[in-house]
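Colleague: Dropping in model07.cif, which is mmCIF, C-alpha atoms:
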```cif
data_structure
loop_
_atom_site.label_atom_id
_atom_site.label_comp_id
_atom_site.auth_asym_id
_atom_site.auth_seq_id
_atom_site.Cartn_x
_atom_site.Cartn_y
_atom_site.Cartn_z
CA MET A 275 -7.42 2.75 -15.06
CA VAL A 276 -9.15 3.71 -11.82
CA ILE A 277 -8.31 0.46 -10.06
CA GLN A 278 -4.67 0.96 -11.06
CA ASN A 279 -4.68 4.37 -9.39
CA ILE A 280 -6.19 2.95 -6.20
CA ILE A 281 -3.51 0.23 -6.05
CA PHE A 282 -0.86 2.85 -6.73
CA PHE A 283 -1.96 4.98 -3.80
CA ILE A 284 -2.06 1.99 -1.45
CA LEU A 285 1.47 0.97 -2.46
CA ALA A 286 2.68 4.58 -2.31
CA ALA A 287 1.32 4.90 1.24
CA ILE A 288 3.23 1.74 2.23
CA VAL A 289 6.43 3.07 0.62
CA VAL A 290 6.15 6.52 2.20
CA ALA A 291 5.38 5.14 5.67
CA GLY A 292 8.22 2.66 5.39
CA ALA A 293 10.71 5.29 4.22
CA LEU A 294 9.79 7.56 7.13
CA GLY A 295 10.25 4.55 9.42
CA VAL A 296 13.71 3.85 8.02
CA VAL A 297 14.97 7.36 8.70
CA GLY A 298 12.95 8.02 11.85
CA SER A 299 12.93 4.80 13.83
CA LYS A 300 14.71 4.75 17.17
CA ASN A 301 15.23 1.00 16.92
CA ILE A 302 17.78 -0.14 14.35
CA VAL A 303 16.14 -3.53 13.73
CA HIS A 304 12.80 -1.82 13.18
CA ALA A 305 14.50 0.45 10.64
CA ALA A 306 15.68 -2.64 8.73
CA LEU A 307 12.17 -4.11 8.81
CA HIS A 308 10.72 -0.82 7.55
CA LEU A 309 13.23 -1.05 4.71
CA VAL A 310 11.67 -4.42 3.78
CA ALA A 311 8.26 -2.70 3.54
CA VAL A 312 9.72 -0.02 1.26
CA LEU A 313 11.39 -2.58 -1.00
CA ALA A 314 8.26 -4.73 -1.22
CA GLY A 315 6.16 -1.68 -2.03
CA VAL A 316 8.58 -0.67 -4.78
CA ALA A 317 8.42 -4.21 -6.19
CA GLY A 318 4.63 -3.87 -6.26
CA LEU A 319 4.96 -0.54 -8.07
CA PHE A 320 7.15 -2.23 -10.69
CA LEU A 321 4.52 -4.93 -11.18
CA LEU A 322 1.86 -2.25 -11.53
CA ILE A 323 3.55 -0.82 -14.62
CA ALA A 324 4.26 -4.29 -16.05
CA ALA A 325 7.99 -4.40 -15.29
CA GLU A 326 7.59 -7.89 -13.88
CA PHE A 327 11.16 -9.12 -14.29
CA LEU A 328 12.58 -6.15 -12.37
CA ALA A 329 9.90 -6.66 -9.70
CA TRP A 330 11.08 -10.22 -9.07
CA VAL A 331 14.72 -9.20 -9.22
CA GLN A 332 13.87 -6.59 -6.58
CA VAL A 333 12.24 -9.24 -4.38
CA LEU A 334 15.08 -11.75 -4.78
CA ILE A 335 18.08 -9.43 -4.47
CA TYR A 336 16.87 -6.59 -2.27
CA ILE A 337 14.43 -8.32 0.07
CA GLY A 338 16.17 -11.68 -0.09
CA ALA A 339 19.83 -10.76 0.02
CA VAL A 340 20.45 -7.11 0.89
CA THR A 341 18.11 -7.04 3.89
CA VAL A 342 19.61 -10.22 5.33
CA LEU A 343 23.08 -8.76 4.80
CA LEU A 344 22.02 -5.56 6.60
CA LEU A 345 20.61 -7.57 9.52
CA PHE A 346 23.91 -9.46 9.71
CA GLY A 347 25.68 -6.10 9.70
CA ILE A 348 23.48 -4.90 12.58
CA MET A 349 24.35 -7.98 14.60
CA LEU A 350 28.08 -7.94 13.80
CA THR A 351 28.48 -4.27 14.73
CA LYS A 352 26.88 -4.99 18.13
CA ALA A 353 24.26 -2.36 17.50
CA PRO A 354 22.04 -1.55 20.48
CA MET A 355 18.96 -3.77 20.45
CA GLY A 356 15.79 -2.03 21.50
CA LYS A 357 15.32 1.72 21.62
CA SER A 358 18.43 3.85 21.43
CA LYS A 359 18.96 7.59 21.44
CA ASP A 360 22.38 7.28 19.85
CA LEU A 361 21.29 6.75 16.23
CA ASP A 362 20.97 10.38 15.08
CA ASN A 363 23.64 13.06 15.10
CA ASP A 364 23.33 16.79 15.79
CA SER A 365 22.74 17.87 12.19
CA LYS A 366 19.02 17.06 12.08
CA ILE A 367 17.92 20.59 11.23
CA PRO A 368 20.34 21.02 8.30
CA ALA A 369 19.25 17.58 7.11
CA TYR A 370 15.59 18.67 7.20
CA ALA A 371 16.50 21.84 5.32
CA VAL A 372 18.51 20.07 2.62
CA SER A 373 15.97 17.32 2.00
CA ALA A 374 12.95 19.65 2.08
CA GLY A 375 14.66 22.08 -0.27
CA MET A 376 15.61 19.27 -2.61
CA PHE A 377 12.06 17.92 -2.53
CA ALA A 378 10.54 21.32 -3.30
CA LEU A 379 12.97 21.80 -6.19
CA LEU A 380 12.24 18.36 -7.65
CA ILE A 381 8.47 18.80 -7.29
CA ALA A 382 8.62 22.18 -9.03
CA LEU A 383 10.67 20.69 -11.87
CA ILE A 384 8.48 17.58 -12.24
CA VAL A 385 5.22 19.50 -12.23
CA ASP A 386 6.67 21.97 -14.71
CA ALA A 387 8.05 19.34 -17.08
CA PHE A 388 5.54 16.48 -16.85
CA ASP A 389 1.87 17.35 -16.54
CA SER A 390 -0.61 14.62 -15.71
CA SER A 391 -1.58 14.17 -19.36
CA LYS A 392 1.50 12.00 -19.83
CA LYS A 393 0.33 8.48 -19.06
CA ILE A 394 2.18 5.20 -18.70
CA ALA A 395 0.10 3.03 -20.98
CA ILE A 396 -0.04 -0.61 -19.89
CA GLY A 397 -1.99 -3.21 -21.79
CA GLY A 398 -4.36 -0.71 -23.36
CA ALA A 399 -4.87 -0.17 -27.06
CA GLU A 400 -2.25 2.55 -27.04
CA ALA A 401 0.44 0.34 -25.50
CA SER A 402 2.79 -1.00 -28.08
CA LYS A 403 3.51 -4.71 -28.09
CA THR A 404 7.24 -4.30 -27.60
CA LEU A 405 7.45 -4.17 -23.83
CA ALA A 406 4.00 -5.33 -22.81
CA ASN A 407 4.44 -8.79 -24.30
CA GLY A 408 7.50 -10.87 -23.71
CA GLN A 409 9.23 -8.41 -21.41
CA MET A 410 11.95 -10.85 -20.40
CA SER A 411 13.02 -11.81 -23.91
CA ILE A 412 13.32 -8.17 -24.88
CA LEU A 413 15.24 -7.36 -21.72
CA GLY A 414 17.52 -10.36 -22.28
CA ASN A 415 18.25 -9.25 -25.83
CA SER A 416 18.99 -5.75 -24.58
CA VAL A 417 21.39 -6.99 -21.90
CA LEU A 418 23.20 -9.57 -24.01
CA TYR A 419 23.45 -7.70 -27.31
CA GLU A 420 23.40 -3.97 -26.81
CA TYR A 421 24.89 -3.78 -23.30
CA VAL A 422 26.99 -6.95 -23.27
CA LEU A 423 30.21 -5.09 -22.42
CA ALA A 424 28.57 -3.45 -19.39
CA PHE A 425 27.20 -6.87 -18.43
CA GLU A 426 30.68 -8.42 -18.45
CA ILE A 427 32.12 -5.48 -16.52
CA ALA A 428 29.35 -5.87 -13.94
CA GLY A 429 30.43 -9.48 -13.50
CA VAL A 430 34.06 -8.45 -12.93
CA LEU A 431 32.90 -5.72 -10.55
CA LEU A 432 30.92 -8.23 -8.48
CA LEU A 433 34.00 -10.46 -8.27
CA ALA A 434 36.13 -7.49 -7.18
CA ALA A 435 33.55 -6.47 -4.58
CA LEU A 436 33.41 -10.05 -3.27
CA ILE A 437 37.18 -10.29 -2.87
CA GLY A 438 37.39 -6.76 -1.47
CA ALA A 439 34.73 -7.42 1.15
CA VAL A 440 36.45 -10.64 2.22
CA VAL A 441 39.85 -8.95 2.47
CA MET A 442 38.50 -5.98 4.41
CA ALA A 443 36.39 -7.92 6.89
CA ARG A 444 39.09 -10.53 7.58
CA LYS A 445 40.53 -10.57 11.07
CA ASP A 446 44.32 -10.11 11.26
CA MET B 31 -1.59 5.93 -14.66
CA SER B 32 0.13 9.28 -14.83
CA LEU B 33 3.87 9.33 -15.21
CA ASN B 34 4.28 12.12 -12.68
CA TYR B 35 2.78 10.06 -9.81
CA TYR B 36 5.80 7.81 -10.10
CA LEU B 37 8.22 10.72 -10.44
CA ILE B 38 6.85 12.49 -7.34
CA LEU B 39 6.98 9.30 -5.27
CA ALA B 40 10.58 8.73 -6.40
CA ALA B 41 11.46 12.34 -5.49
CA PHE B 42 10.03 11.83 -2.01
CA LEU B 43 11.95 8.58 -1.56
CA PHE B 44 15.18 10.22 -2.73
CA CYS B 45 14.80 13.17 -0.35
CA THR B 46 14.04 10.83 2.54
CA GLY B 47 17.26 9.02 1.70
CA ILE B 48 19.19 12.30 1.72
CA TYR B 49 17.77 13.12 5.15
CA GLY B 50 18.80 9.71 6.42
CA VAL B 51 22.34 9.97 5.06
CA ILE B 52 22.86 13.36 6.72
CA ALA B 53 21.03 12.85 10.02
CA ARG B 54 21.88 9.26 10.90
CA LYS B 55 24.96 8.38 12.89
CA ASN B 56 25.11 4.59 12.67
CA GLY B 57 26.92 3.29 9.57
CA VAL B 58 24.39 0.55 8.84
CA LEU B 59 21.54 3.09 8.90
CA VAL B 60 23.45 5.30 6.46
CA LEU B 61 23.74 2.30 4.12
CA MET B 62 19.98 1.73 4.42
CA SER B 63 19.34 5.36 3.47
CA ILE B 64 21.59 4.93 0.43
CA GLU B 65 19.43 1.95 -0.55
CA LEU B 66 16.38 4.22 -0.39
CA MET B 67 18.03 6.65 -2.79
CA LEU B 68 19.02 3.88 -5.21
CA ASN B 69 15.46 2.59 -5.17
CA ALA B 70 14.16 6.05 -6.01
CA VAL B 71 16.45 6.10 -9.04
CA ASN B 72 15.21 2.67 -10.08
CA ILE B 73 11.59 3.83 -9.89
CA ASN B 74 12.42 6.74 -12.17
CA LEU B 75 14.32 4.58 -14.68
CA ILE B 76 11.56 2.00 -14.92
CA ALA B 77 8.74 4.55 -15.08
CA PHE B 78 10.45 6.32 -17.99
CA SER B 79 11.28 3.00 -19.63
CA GLN B 80 7.65 1.85 -19.53
CA TYR B 81 6.46 5.30 -20.60
CA GLN B 82 8.72 5.31 -23.67
CA GLN B 83 8.24 1.56 -24.24
CA MET B 84 11.99 1.11 -24.57
CA PRO B 85 13.97 -1.61 -22.74
CA ALA B 86 17.04 0.54 -21.98
CA GLY B 87 15.64 1.87 -18.69
CA ASN B 88 14.90 -1.64 -17.46
CA THR B 89 18.46 -2.69 -18.36
CA PHE B 90 19.93 0.27 -16.50
CA ALA B 91 17.80 -0.53 -13.45
CA LEU B 92 19.14 -4.09 -13.55
CA PHE B 93 22.70 -2.72 -13.52
CA VAL B 94 21.82 -0.34 -10.68
CA ILE B 95 20.57 -3.29 -8.63
CA THR B 96 23.83 -5.17 -9.38
CA ILE B 97 25.96 -2.22 -8.30
CA ALA B 98 23.81 -1.77 -5.19
CA ALA B 99 24.45 -5.37 -4.19
CA ALA B 100 28.21 -4.89 -4.65
CA GLU B 101 28.05 -1.57 -2.78
CA ILE B 102 26.23 -3.02 0.21
CA GLY B 103 28.78 -5.84 0.49
CA VAL B 104 31.79 -3.53 0.43
CA GLY B 105 30.00 -0.92 2.58
CA LEU B 106 29.23 -3.42 5.31
CA GLY B 107 32.87 -4.56 5.21
CA ILE B 108 33.92 -0.95 5.78
CA VAL B 109 31.42 -0.49 8.64
CA LEU B 110 32.68 -3.70 10.27
CA LEU B 111 36.24 -2.42 10.01
CA ILE B 112 35.24 0.93 11.53
CA THR B 113 33.48 -0.87 14.36
CA ARG B 114 36.55 -3.00 15.01
CA ASN B 115 38.96 -0.07 15.02
CA LEU B 116 36.90 2.57 16.84
CA ARG B 117 34.80 0.22 19.04
CA SER B 118 31.65 1.89 17.69
CA PRO B 119 29.73 1.83 14.39
CA ASN B 120 29.09 5.59 14.57
CA ILE B 121 30.66 7.19 11.54
CA ASP B 122 30.76 10.68 13.06
CA GLN B 123 33.81 9.53 15.03
CA LEU B 124 35.82 9.29 11.83
CA ASP B 125 37.41 12.71 12.27
CA GLN B 126 41.10 11.84 12.30
CA LEU B 127 41.67 14.06 9.25
CA LYS B 128 40.27 17.08 11.08
CA GLY B 129 43.03 19.62 11.59
#
```
Do you think you could lay out the structure here as structure tokens?
Modeller:
Amino acid sequence: MVIQNIIFFILAAIVVAGALGVVGSKNIVHAALHLVAVLAGVAGLFLLIAAEFLAWVQVLIYIGAVTVLLLFGIMLTKAPMGKSKDLDNDSKIPAYAVSAGMFALLIALIVDAFDSSKKIAIGGAEASKTLANGQMSILGNSVLYEYVLAFEIAGVLLLAALIGAVVMARKD
Amino acid sequence: MSLNYYLILAAFLFCTGIYGVIARKNGVLVLMSIELMLNAVNINLIAFSQYQQMPAGNTFALFVITIAAAEIGVGLGIVLLITRNLRSPNIDQLDQLKG
């Protein structure tokens, strides 16, 4: 369990540093690259608690597709390459206040509701065999039996988003 | 592995995303901050799912990732349109409804 904690803190440091880079960077391309670090760290965190299918979905869709799409967006909007002072607006102090207040509230609630005796058990004797073994088959059954209607609606939604994006971005 | 490590990390990521959405001016950077917030939600869903040993949280996270992909596509289309109409991707210039 100790090695798991060490890996967690390494990944958490990567995620925190990357997140601060995304919101603090003066260079918009660097912000996108920091986002890659955050997404990769989150994929590692998913692997650490044995959610391996979601970890690879995260790598394929977020790092593979969303980041490339964001970089295309940066290029198409003719964003300033290199350092720019025009990325933040005047409401920095209210933003600090809102996010710090939200963080304090969430920390108070989490510490109150979930003490550190609640453990995510992975692979130990106390872990049940349901999710630890054969994660993908269980997840597939869950998607295609229990949530099949939501699955179909997600397909229609993706089609609608595809057509909507094409119609909006078309030049005429 | 304590459950609350994951919850606290997700809370931090979510609040960082909130800061980015409020403080950033460029539309693409706002979309990136929204991605941070969605990732924080995914961390929470999967941590609870693995804690309870139930697959529902994993399924919800899969749907969240699907919706995020759709959202980023449509969002970038909107930012492109804003850039084309206002000659700038800065979304604080969208104040035509201001009285």
Colleague: Which of these residues is nearest to chain B, using all atoms listed in the file: A:Val441, A:His308, A:Ile394, A:Leu423?
Modeller: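 Of A:Val441, A:His308, A:Ile394, A:Leu423, the one nearest chain B is A:Ile394, counting all atoms listed in the file.
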Colleague: For a quick test of understanding: name the residues of chain A lying within 7 Å of chain B when counting only C-alpha atoms, and present them as a PyMOL selection string.
Modeller: chain A and resi 275+278-279+293+297+323+328+340+344+347-348+351+361-363+365-366+369-370+373+376-377+380-381+384+388-395+404-405+412-413+416-417+432+435+438-439+442-443
Colleague: Between CA of Leu124 in chain B and CA of Leu431 in chain A, what is the spacing in Å?
Modeller: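 According to the coordinates, CA of Leu431 in chain A and CA of Leu124 in chain B are separated by 27.1 Å.
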Colleague: Can you pull out every residue within 8 Å of range 353-356 of chain A, counting all atoms listed in the file, but drop anything in the same chain fewer than 3 positions away, and send it as an NGL selection string?
Modeller: (:A and (301-303 or 348-350)) or (:B and (119))
Colleague: Which value, in Å to one decimal, gives the distance between CA of Gly315 in chain A and CA of Phe327 in chain A?
Modeller: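 Between CA of Gly315 in chain A and CA of Phe327 in chain A the gap is 15.2 Å.
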Colleague: Would you mind reading off the distance between CA of Phe320 in chain A and CA of Gly338 in chain A, one decimal, in Å?
Modeller: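 These two atoms are separated by 16.8 Å.
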